[in-house]
Each structure stands twice: as C-alpha cells, then as structure tokens.
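Reading through the structure tokens given below for one structure.
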Amino acid sequence: MTTSLEALTAAIDFKPQGDRAGNVTAGRGTLAGRALRVGLVENRFASGAIGADEAERLVALFKVAALEHAPVVLHLDSAGAKVSEGLRALGAFRALFHAGLDFAATGTPIVAVLGKNCYGGSSMLAHLASHRLFNSFTQLAMTGPAILAAQAGMNALDEAFRAMAEAAMSPAARAKANASNTVWDGKDIAAWLASAIAAGGLDGVARHVAIGARMKEKAPAPEAVQRRDLEKIYTEGYEAREDHGLLEGVGRRDGHAEAFLGLVNRKPVGASRAWHFADHVWRHAQKPPAHLEIFLDCATHAARLEDEKVVLSEYIVDMASALDHLARKGTQVGLTVVGQAGGGVYVALAAPAKQVTTLHEADIQVLPGAAVAAILGGTSQEKVPTFADYRAAGVAEAELKLGLIGG
C-alpha cells in the first residue's frame, strides 16, 4: 500500500538537496509547473524529534522559499522537539518558529501532510499551514497520549481512555473541527495539494475568529491586582488587572509608558486562556502600542483531553500569530520570564519577541522535568540552568536582577 509520503514525493517529483539532517530532508518539487520548497520530517529515530540540526535545515528552507516566493510543503511525522537536547532544542525551535512566522507573513502558502504522529512543536508547525492532510491513523495533539492519560488518572492502554482519545483526537474529529483539515482517501494527493496551494496563505484573523466560536465559558469580571515583581520592574508606577486569567495593564519605566500582558499564575495554558490572550493582542493591533511586554510564569500547556478536543495547537499558534502581526505593525514586542517557562507556550511567545529577558530566579526548561522523565525515562531531576546557559542556547538575551519576586 502506498503511504502518504510516497504519494507526496511522487506527485511533486521531489528532489532532495543537500545531506539529510537527522530526521529532516529538504529539497525541491514541482506541481503543475510551479516550483515548491519541500521539508520532509520523518520518524527515522527518536520518534522523528526535531533538534538543533533539524531546525537549522528547516529554517534555511523557509528563508530560501521566502526569497523565491515558492509555496512550502511539509511532511510531518514527529513527536516534537528533541527533549534530549534540552535548552539547545528549545532555542532551536524558537528560531525555527520565528522563521515559520516570517514566511507565513509573506502570504505564500504552507501546506502540511501528516504522518502517524504530530505532537508538540510539530503540531505547531502544522498549524502554520493553511491546510493539513491527515492519514486515517494520524494523531495530532500538543500532548502525547501517555501524558494525557496520566493527567486524567488513567493508563494510555486502557480501552476507556483510548475510546475517549479517539472521540476527541481522531482525524475525523479534526476534520470536523476545521474545514482546512482533510483526511486522505488514499487516492490522488496531487489534487489536494493543488487545491490547498491555490487557496493561498493562512489568514490569522479569520482563524482567530473561527476558533473563538468554540469558546463557550463565561469568565469573572476583571479585577485590579498588585504584584511585587511589577513594582520592581515598573519603578514609575503601573496599573494592572486580571481578565480571563490574564494579567493586563500599563506600566511606566525609563520615562515611558508601555502596555503589558501576562500569563503568570503558573497554571498550564489551555485553549480558553490562549484564545483570550491572542484576542487581547489582536485588539491591540487596531491601535498598535509602541511597546508590548509579555510576562510569563507558566511551565507548559494544559494536558487535558477537553483542550485537545478543540485542537489546542491552534490556540497556542494563535498567540504567536497575533504577536507576530502586532510586531509587523511596528510594536516592539518583548517577553520577560518572571518565573517558569517552557515548551510550546514559551516558543509561541518567544518566537515573535524582539528580546527575551529573564528575572534572576527564572527557570526555563524544554519541558517540565516530570514530562521529560516520562518521555526519556529516569528521574526528573535536572541541573538548574544559569542565564549563561539560556543565552548560549538562544532562549534569552537579557537578565534582570530584581531580588525577591512574587505575586
């Protein structure tokens, strides 16, 4: 039986260029006489994980495609970032996602064909694409089944959990959730490619509106809040409130006022909070401020089936798209890590940021220690990184030493 990868490479007459970089092969293709740039992420080892070498090759692919105004076709069969590389992988994925946002902003389409697994950072890359083609067995989620099951107090092999996961995350469910998702019927992949590319690039605003229609909860009224870290950062005063689980306000330092938003209560970010964060940013884009500082104290995204049911990856990418859109309107976007940071939430906020700053006691990890242990085995104990480690890995550029902080 022909696989979707075989069908794809045959349909576009794929020609690899350069040596393979780990799980990534980059090259060229053509469709109906139009030149394409192609990146194949395959499950050759480590579940197709994307590390520094793979990210570097994909960054180059996006940059060349932008110069050529060539559509990008991605094949993704990957569990996400290569956690065994630690901060190096996180910094590399930040650079990769930045390059992907840059390319998406040109309006030239990205389309994605998905293999068996598409988790974490790989699922975020898939949602930079305007259209996605699923196999009947594709699994796409921000979080893998083992961690989802553990968070639900179940075993990933339990029939009850598998039935719940299938109902929430099956390709058919994904296709129902988004008209830009299609399940491959095993036939002519070229027709799907032609249609997807002809439809053009991703419309970030339209996606934001569409995924917002899935939000049904009501939030409490905004409340004024005070934080000692903000007092130390904004020495000339600030006003802050909590709205939909977000910190929002205006602060003054160095003779200037700046807007700020924050995900700072350490709760993992689910679809609702991600959407409301992006909504605040999209609204700022109507009258762009000179500066928007993002504060982060959240180690990871939520590992819940209810969030995966609405395709959490789309909401995480929506945050990045909104910030990138604002930055392209002239706003200087900064990210300050005031506590914990990691994973897809960090990448989504750091990729569009001009500078990432850490407070002295900040803790940035590729994933929380327990999640790394679940993936790699062993204990979750790791050496606490220093700012020098963050800078060397490309995850932060500056450090603020403010002493004791807290909410």
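Labels for the structure tokens follow display order: chains A, B, ..., residues from 1 in each chain, ligands from 1.
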Problem - Backbone DSSP call of alpha helix (DSSP H) for region 200-251 of chain A, listed as a list in words - result: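 So the alpha helix (DSSP H) residues in region 200-251 of chain A would be Gly204, Val205, Ala206, Arg207, His208, Val209, Ala210, Ile211, Gly212, Arg228, Asp229, Leu230, Glu231, Lys232 and Ile233 of chain A.
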Practice task
Using only C-alpha atoms, pick whichever of A:Ala65, A:Leu8, A:Ala179, A:Met169 has the shortest atom-to-atom distance to Arg304 (chain A).
Solution key: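 Of A:Ala65, A:Leu8, A:Ala179, A:Met169, the one nearest Arg304 (chain A), counting only C-alpha atoms, is A:Met169.
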Practice task
Find the residue from A:Ala146, A:Val225, A:Ala388, A:Ala196 that sits nearest to Leu305 (chain A); use only C-alpha atoms when measuring.
Solution key: A:Ala146
Exercise for the section: Name the closest residue to Gln286 (chain A) among the candidates A:Gly334, A:Met164, A:Lys329, A:Arg207; distances are taken between atoms, counting only C-alpha atoms. Expected result: A:Lys329
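These are the residues of region 316-393 of chain A assigned strand (DSSP E) by DSSP from backbone coordinates: Gln332, Val333, Gly334, Leu335, Thr336, Val337, Val338, Gly339, Gln340, Ala341, Gly342, Gln355, Val356, Thr357, Thr358, Leu359, Asp363, Ile364 and Gln365 of chain A.
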Practice task
Between CA of Ala210 (chain A) and CA of Phe134 (chain A), measure the distance and give it in Å to one decimal.
Solution key: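 That distance, rounded to one decimal, is 20.1 Å.
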Handout entry: Nearest residue to Leu359 (chain A) from the set A:Asp13, A:Asp53, A:Glu399, A:Asp279 (distances using only C-alpha atoms)
Key =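 Checking each candidate against Leu359 (chain A), we get A:Glu399 as the closest.
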